[in-house]
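Everything below concerns the one structure shown next.
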Amino acid sequence: MPGIVFSPRTAPRHGRRRPIPRNRLTALLPGRADWAAMRRDPRRDVLAGLSVAVVALPLALAYGASSGLGARAGLATAVVAGALAAIFGGGALQVSGPTGVMTVVLVPIIRHHGVEGALLAGMMAGVLLVLAALARLGRYARCVPASVVEGFAVGVAVVIALQQVPAALGLGARHGEKVWRVAAATVADYARDVRPAPLLMAAAVAVAMTVGSRRLPKVPVALIAIAAATLVARFLPLHLERVGEVPAGLPVPSPHFLDFGVAVALLPSALAIAVLAALEGLLSAAVVDALGAGERSDPDRELFGQGLANLAVPFVGGVPATATLARTAVNVRCGATSRLASLTHALALAAIAFMAGGLVSAIPRAALAGLMLGAAVRMIKIRSLAAIVRTSLSDALIVAFTLTVTVMVNLIAAVAAGVVIATVVTVAALARSGRIEAMPLEGADGDDTGEERTAAGDIGLYRLEGPWFFAASHRLVQGLGQVSGRRVVIFSMAGVSALDLTAARVLGETITQLRGRGVTVLLAGVRPRHHRLIAHATDGAHLPPADLLHPDPAAALLHARSLVGTPDPPSPRRA
């Protein structure tokens, strides 16, 4: 076809050699465009990376501690995985590190196989992610409907906001699987002992983050707000909780956890980690793409980057990692433009681990909570949601459903449930789009002779259009059941875009029933890819292809005229 050039990855299979693995691997590696983008606005990227590091530090420490591997493991993961995913990942603005979702999988692994088992499972998950990238499985992430991505994004924004409730109210962190229950219990505790200072500080930082970032995009509002809040907490007797002690340094790399004797037992856990890392990372990239914050992400490269990150972090005692919307949202809203921002975030965390732990330990937790609240608010695109509500009720319900499951259950269940609901809605819509219409005979070939008008009562022409598959089979039965009172019936199938075995069998049963009543049935314009299904479904009618299939309605009509010229329809012939 003119104007189309096939690359090695999209070349036809015939007449061209299949791409070799080296080419596939090269496509997953960073290119010149990635390095060139890092030189566009380095100042803005560095400031955004520093802001993300300030937010990511307490998250890394908390997730590492809750996983059972320790706060130092969380910090090591944020540094190593953050740097590798920044360089090799598929999203220029993605920020990777430890996440709360992984703790659900890690806790039982540590209980049954110890810390070494958790590290080995994480490394095996990295291998699975690299293999998935080489197999190009990341492209299937684009099959997630936009309404599910929108609902997921809003749901994550709500989850991020709920996670900040304890720190914003000046209360200690509470543990629980359901973040909304933790937030509700925290609010109940706060009502019994109201302390306005943390809430006011969190609100002030959130407002500064939300308003200032929009009106002054080139000013590092997040860093200024955090610095001002730290100074206020230092010189005023507000008694605010601080970040606290930061572990010094990073663990020395070691392969002590490698014990492949338990690899088979750990394979289900490794698969669960890989699926969680892939889903969370790919959906985070999809949300960033939807925000219009930069270049489109590459899902296969994202899997590759996350795979390399998870291959490396076990050697420094780190927990499994993935890109998350919490840190990525801060990165985007702080004005990041390239991979330099997320790489700066990792390097800044490394510097903090070795040199600046004391400075970070003085930051009030309420200020960090306000920073995250501001990022969560800016993740919600009111105009986009309003447009969905105005244009499509079904999509609006899918957004609401995905949002609710994200908040009330978890992220993975939300995506799975949202995709299932969206698929059901789509299948139902497709099932309604199939049509069966009676057509005038002169519409078949433009001829309107007296002979044809005489035959009009004996020949019926019906046009089938749209997709016909299992979900539409009952409508096909109803439509075909109305065909009667003719000696010859022609079904024009050129407009049938899809046909499955269920619909083909309904068609075959209808042909058999009509022939049992002495009606001859002809099919016109059957697409080549549907021939085998038609032949299989009409085998019971014992029709030779010449009597059943015709290239177009005109040819079928010509054959039908020859049939109605006889006193009676010809008796069915045996094949």
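Ordering of the structure tokens sets the chain letters (A, B, ...), residue numbers begin anew at 1 in every chain, and ligands are numbered from 1 in the order given.
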Taking only stretch 155-385 of chain A into account, list the residues labelled alpha helix (DSSP H) by DSSP (computed from the backbone), as a PyMOL selection string. chain A and resi 155-163+165-168+179-192+196-207+213-215+221-235+263-291+299-312+325-333+339-351+357-361+365-379+382-385
Just the strand (DSSP E) stuff from stretch 234-471 of chain A, please, per backbone DSSP, written as a PyMOL selection string. chain A and resi 321-323+435-439+459-468
Take the residues from that selection and put them in a file with N, CA and C atoms, as a tab-separated table (two decimals), in the first residue's frame.
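Final output, result-v9.tsv:
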chain	number	residue	atom	x	y	z
A	321	ALA	N	9.76	-3.31	43.53
A	321	ALA	CA	9.41	-1.92	43.24
A	321	ALA	C	8.57	-1.83	41.99
A	322	THR	N	7.92	-0.71	41.84
A	322	THR	CA	7.19	-0.39	40.63
A	322	THR	C	6.95	1.11	40.60
A	323	ALA	N	6.56	1.62	39.43
A	323	ALA	CA	6.18	3.03	39.35
A	323	ALA	C	4.84	3.23	40.02
A	435	ARG	N	-27.77	-5.69	12.22
A	435	ARG	CA	-29.09	-5.38	11.62
A	435	ARG	C	-29.42	-6.38	10.51
A	436	ILE	N	-30.74	-6.65	10.37
A	436	ILE	CA	-31.25	-7.43	9.25
A	436	ILE	C	-32.33	-6.58	8.59
A	437	GLU	N	-32.13	-6.23	7.31
A	437	GLU	CA	-33.05	-5.34	6.62
A	437	GLU	C	-33.53	-6.01	5.33
A	438	ALA	N	-34.84	-5.88	5.06
A	438	ALA	CA	-35.39	-6.33	3.78
A	438	ALA	C	-35.08	-5.28	2.73
A	439	MET	N	-34.54	-5.70	1.59
A	439	MET	CA	-34.13	-4.79	0.53
A	439	MET	C	-34.99	-4.98	-0.70
A	459	ILE	N	-39.25	-13.92	-4.44
A	459	ILE	CA	-37.85	-13.75	-4.04
A	459	ILE	C	-37.77	-12.69	-2.94
A	460	GLY	N	-37.04	-13.01	-1.91
A	460	GLY	CA	-36.81	-12.05	-0.83
A	460	GLY	C	-35.32	-11.79	-0.67
A	461	LEU	N	-34.95	-10.51	-0.61
A	461	LEU	CA	-33.54	-10.12	-0.44
A	461	LEU	C	-33.39	-9.43	0.91
A	462	TYR	N	-32.51	-9.96	1.73
A	462	TYR	CA	-32.29	-9.43	3.09
A	462	TYR	C	-30.80	-9.13	3.27
A	463	ARG	N	-30.53	-7.97	3.81
A	463	ARG	CA	-29.14	-7.56	4.03
A	463	ARG	C	-28.80	-7.67	5.51
A	464	LEU	N	-27.72	-8.40	5.82
A	464	LEU	CA	-27.21	-8.53	7.18
A	464	LEU	C	-26.00	-7.61	7.33
A	465	GLU	N	-25.98	-6.80	8.38
A	465	GLU	CA	-24.88	-5.87	8.59
A	465	GLU	C	-24.42	-5.89	10.04
A	466	GLY	N	-23.16	-5.51	10.23
A	466	GLY	CA	-22.62	-5.39	11.57
A	466	GLY	C	-22.01	-6.69	12.07
A	467	PRO	N	-21.60	-6.72	13.35
A	467	PRO	CA	-21.02	-7.94	13.92
A	467	PRO	C	-22.11	-8.90	14.38
A	468	TRP	N	-21.96	-10.16	14.03
A	468	TRP	CA	-22.88	-11.19	14.49
A	468	TRP	C	-22.07	-12.22	15.26
Return the single residue from A:Arg234, A:Arg242, A:Arg43, A:Arg327 that is closest to A:Thr99, with distances computed using only C-alpha atoms.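 Closest residue, counting only C-alpha atoms: A:Arg327.
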One-decimal distance in Å that lies between atom CA of A:Leu169 and atom CA of A:Ala204: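 These atoms are spaced 13.1 Å apart.
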When distances are computed from only C-alpha atoms, which of A:Gln164, A:Thr426, A:Thr512, A:Asn410 shows the smallest separation from A:Ala471? A:Thr426
Would you tabulate, counting only C-alpha atoms, all residues of stretch 59-156 of chain A that have an atom at most 8 Å from an atom of stretch 253-277 of chain A, showing the closest pair of atoms and their distance in Å to one decimal, sorted by chain then ascending number, as a tab-separated table?
residue	atom	partner	partner_atom	distance
A:Val101	CA	A:Leu276	CA	7.7
A:Met102	CA	A:Ile273	CA	7.0
A:Val105	CA	A:Ile273	CA	7.1
A:Ile109	CA	A:Ser269	CA	7.4
A:Glu116	CA	A:Phe257	CA	4.6
A:Gly117	CA	A:Phe257	CA	7.2
A:Leu119	CA	A:Phe257	CA	6.5
A:Leu120	CA	A:Phe257	CA	6.3
A:Ala121	CA	A:Ala270	CA	4.7
A:Gly122	CA	A:Ala270	CA	6.2
A:Met123	CA	A:Ala270	CA	8.0
A:Met124	CA	A:Ala270	CA	5.7
A:Ala125	CA	A:Ala270	CA	4.7
A:Gly126	CA	A:Ala274	CA	6.9
A:Leu128	CA	A:Ala274	CA	6.6
A:Leu129	CA	A:Ala274	CA	6.1
Excluding A:Gly249 and its own-chain neighbours fewer than 3 positions away, which residues fall within 12 Å of it when counting only C-alpha atoms? Please give them as a PDB file with C-alpha atoms, in the first residue's frame.
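This went into part-v5.pdb:
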ATOM      1  CA  ALA A  71      13.247   0.991  56.621  1.00  0.00           C
ATOM      2  CA  ARG A  72      16.751   0.801  55.166  1.00  0.00           C
ATOM      3  CA  ALA A  73      15.516  -1.704  52.570  1.00  0.00           C
ATOM      4  CA  LEU A  75      15.392   3.525  51.060  1.00  0.00           C
ATOM      5  CA  ALA A  76      17.743   1.251  49.093  1.00  0.00           C
ATOM      6  CA  VAL A  79      17.548   4.708  45.178  1.00  0.00           C
ATOM      7  CA  VAL A 246      16.841   8.573  58.511  1.00  0.00           C
ATOM      8  CA  VAL A 252      26.539  -3.349  50.559  1.00  0.00           C
ATOM      9  CA  VAL A 316      21.037  -4.440  48.098  1.00  0.00           C
ATOM     10  CA  LEU A 349      17.704  10.066  48.075  1.00  0.00           C
ATOM     11  CA  ALA A 350      21.179   8.526  47.885  1.00  0.00           C
ATOM     12  CA  ALA A 351      22.725  11.823  48.996  1.00  0.00           C
ATOM     13  CA  ILE A 352      20.206  12.092  51.829  1.00  0.00           C
ATOM     14  CA  ALA A 353      21.025   8.559  52.926  1.00  0.00           C
ATOM     15  CA  PHE A 354      24.744   9.373  53.175  1.00  0.00           C
ATOM     16  CA  MET A 355      24.856  13.040  54.110  1.00  0.00           C
ATOM     17  CA  ALA A 356      21.615  14.924  54.739  1.00  0.00           C
ATOM     18  CA  GLY A 357      19.523  12.707  56.955  1.00  0.00           C
TER      19      GLY A 357
END
Nearest residue to A:Thr344 out of A:Arg378, A:Arg390, A:Arg44, A:Arg487, using only C-alpha atoms?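 Closest candidate: A:Arg44.
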Selection: 9 Å around stretch 302-305 of chain A, only C-alpha atoms, excl. self and same-chain fewer than 4 positions, as an MDAnalysis selection string: chainID A and resid 28:29 81 84:91 126 129:134 137:138 277:278 281:282 285 297:298 309:310
Find the residues near stretch 392-397 of chain A: any atom within 9 Å, counting only C-alpha atoms, skip ones fewer than 2 places away on the same chain, and give them as a list of chain:residue names. A:Ala146, A:Ser147, A:Val148, A:Gly151, A:Leu385, A:Ala387, A:Ile388, A:Val389, A:Arg390, A:Val399, A:Ala400, A:Phe401, A:Thr402, A:Ala422, A:Val425
Given only C-alpha atoms as the basis, pick out the residue of A:Leu499, A:Arg111, A:Ala367, A:Leu480 nearest to A:Ala431.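 Comparing A:Leu499, A:Arg111, A:Ala367, A:Leu480 against A:Ala431, the winner is A:Leu499.
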Show which residues sit within 9 Å of A:His345, as a list in words. Count only C-alpha atoms, and ignore same-chain residues fewer than 2 positions away. Val46, Ala48, Gly49, Leu50, Ser51, Val52, Ala53, Val54, Ala56, Ala78, Val79, Gly82, Ala83, Val95, Leu340, Ala341, Ser342, Leu343, Leu347, Ala348, Leu349 and Ala350 of chain A
Could the residues in this selection be written to a file with N, CA and C atoms, as an mmCIF file, in the first residue's frame?
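part.cif, freshly written:
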data_model
loop_
_atom_site.group_PDB
_atom_site.id
_atom_site.type_symbol
_atom_site.label_atom_id
_atom_site.label_comp_id
_atom_site.auth_asym_id
_atom_site.auth_seq_id
_atom_site.Cartn_x
_atom_site.Cartn_y
_atom_site.Cartn_z
ATOM 1 N N VAL A 46 15.573 19.176 37.705
ATOM 2 C CA VAL A 46 16.278 18.965 38.978
ATOM 3 C C VAL A 46 15.412 19.413 40.154
ATOM 4 N N ALA A 48 12.143 19.594 40.221
ATOM 5 C CA ALA A 48 11.047 18.638 40.365
ATOM 6 C C ALA A 48 11.532 17.365 41.039
ATOM 7 N N GLY A 49 12.725 16.884 40.659
ATOM 8 C CA GLY A 49 13.281 15.674 41.269
ATOM 9 C C GLY A 49 13.533 15.838 42.754
ATOM 10 N N LEU A 50 14.021 17.024 43.163
ATOM 11 C CA LEU A 50 14.246 17.268 44.590
ATOM 12 C C LEU A 50 12.923 17.272 45.358
ATOM 13 N N SER A 51 11.886 17.856 44.754
ATOM 14 C CA SER A 51 10.576 17.862 45.412
ATOM 15 C C SER A 51 10.049 16.441 45.588
ATOM 16 N N VAL A 52 10.207 15.613 44.562
ATOM 17 C CA VAL A 52 9.753 14.232 44.654
ATOM 18 C C VAL A 52 10.548 13.484 45.722
ATOM 19 N N ALA A 53 11.851 13.757 45.807
ATOM 20 C CA ALA A 53 12.683 13.066 46.796
ATOM 21 C C ALA A 53 12.211 13.358 48.207
ATOM 22 N N VAL A 54 11.825 14.606 48.454
ATOM 23 C CA VAL A 54 11.346 14.970 49.789
ATOM 24 C C VAL A 54 10.078 14.187 50.139
ATOM 25 N N ALA A 56 9.158 11.276 48.577
ATOM 26 C CA ALA A 56 9.407 9.838 48.472
ATOM 27 C C ALA A 56 10.143 9.277 49.675
ATOM 28 N N ALA A 78 14.242 2.647 46.794
ATOM 29 C CA ALA A 78 13.935 3.921 46.156
ATOM 30 C C ALA A 78 15.126 4.444 45.367
ATOM 31 N N VAL A 79 16.344 4.220 45.870
ATOM 32 C CA VAL A 79 17.548 4.708 45.178
ATOM 33 C C VAL A 79 17.854 3.862 43.947
ATOM 34 N N GLY A 82 14.688 3.394 41.601
ATOM 35 C CA GLY A 82 14.363 4.700 41.044
ATOM 36 C C GLY A 82 15.313 5.104 39.935
ATOM 37 N N ALA A 83 16.625 4.823 40.100
ATOM 38 C CA ALA A 83 17.605 5.196 39.088
ATOM 39 C C ALA A 83 17.484 4.316 37.844
ATOM 40 N N VAL A 95 8.094 7.690 38.244
ATOM 41 C CA VAL A 95 8.973 7.600 39.402
ATOM 42 C C VAL A 95 8.699 6.275 40.096
ATOM 43 N N LEU A 340 15.384 13.124 33.613
ATOM 44 C CA LEU A 340 16.329 13.718 34.555
ATOM 45 C C LEU A 340 15.677 13.959 35.913
ATOM 46 N N ALA A 341 14.385 14.267 35.935
ATOM 47 C CA ALA A 341 13.706 14.528 37.206
ATOM 48 C C ALA A 341 13.668 13.283 38.076
ATOM 49 N N SER A 342 13.239 12.146 37.526
ATOM 50 C CA SER A 342 13.175 10.926 38.331
ATOM 51 C C SER A 342 14.561 10.414 38.670
ATOM 52 N N LEU A 343 15.541 10.629 37.781
ATOM 53 C CA LEU A 343 16.919 10.251 38.108
ATOM 54 C C LEU A 343 17.465 11.136 39.231
ATOM 55 N N LEU A 347 19.059 10.071 42.921
ATOM 56 C CA LEU A 347 20.363 10.557 43.385
ATOM 57 C C LEU A 347 20.223 11.387 44.661
ATOM 58 N N ALA A 348 19.149 12.166 44.746
ATOM 59 C CA ALA A 348 18.927 12.970 45.948
ATOM 60 C C ALA A 348 18.684 12.072 47.154
ATOM 61 N N LEU A 349 17.935 11.000 46.977
ATOM 62 C CA LEU A 349 17.704 10.066 48.075
ATOM 63 C C LEU A 349 19.007 9.406 48.510
ATOM 64 N N ALA A 350 19.880 9.094 47.537
ATOM 65 C CA ALA A 350 21.179 8.526 47.885
ATOM 66 C C ALA A 350 22.000 9.530 48.686
#
Between atom CA of A:Ala167 and atom CA of A:Pro198 - distance in Å to one decimal: 7.7 Å
Residue among A:Tyr190, A:Phe491, A:Trp180, A:Phe470 lying closest to A:Thr404, counting only C-alpha atoms: A:Trp180
Contacts of A:Asp552 at 6 Å or less, counting only C-alpha atoms, minus same-chain residues fewer than 2 places along, as a short mmCIF file (atom, residue, chain, number, x, y, z; two decimals) with N, CA, C and O atoms, in the first residue's frame?
data_model
loop_
_atom_site.label_atom_id
_atom_site.label_comp_id
_atom_site.auth_asym_id
_atom_site.auth_seq_id
_atom_site.Cartn_x
_atom_site.Cartn_y
_atom_site.Cartn_z
N ALA A 524 -25.02 -14.33 -0.33
CA ALA A 524 -24.27 -13.49 -1.27
C ALA A 524 -23.24 -12.64 -0.52
O ALA A 524 -23.52 -12.13 0.57
N GLY A 525 -22.07 -12.50 -1.13
CA GLY A 525 -21.05 -11.59 -0.59
C GLY A 525 -20.43 -12.04 0.72
O GLY A 525 -19.98 -11.19 1.50
N HIS A 550 -22.76 -17.14 -3.39
CA HIS A 550 -22.62 -16.33 -4.60
C HIS A 550 -21.78 -15.11 -4.27
O HIS A 550 -21.82 -14.60 -3.14
N ALA A 554 -26.25 -9.47 -6.94
CA ALA A 554 -26.69 -9.53 -8.33
C ALA A 554 -26.60 -10.94 -8.87
O ALA A 554 -27.52 -11.44 -9.55
N ALA A 555 -25.48 -11.63 -8.58
CA ALA A 555 -25.32 -13.01 -9.04
C ALA A 555 -26.33 -13.93 -8.37
O ALA A 555 -26.90 -14.83 -9.01
#
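Minimum atom-to-atom distance to A:Gly155, evaluated using only C-alpha atoms, belongs to A:Gly418 out of A:Gly565, A:Gly434, A:Gly418, A:Gly374.
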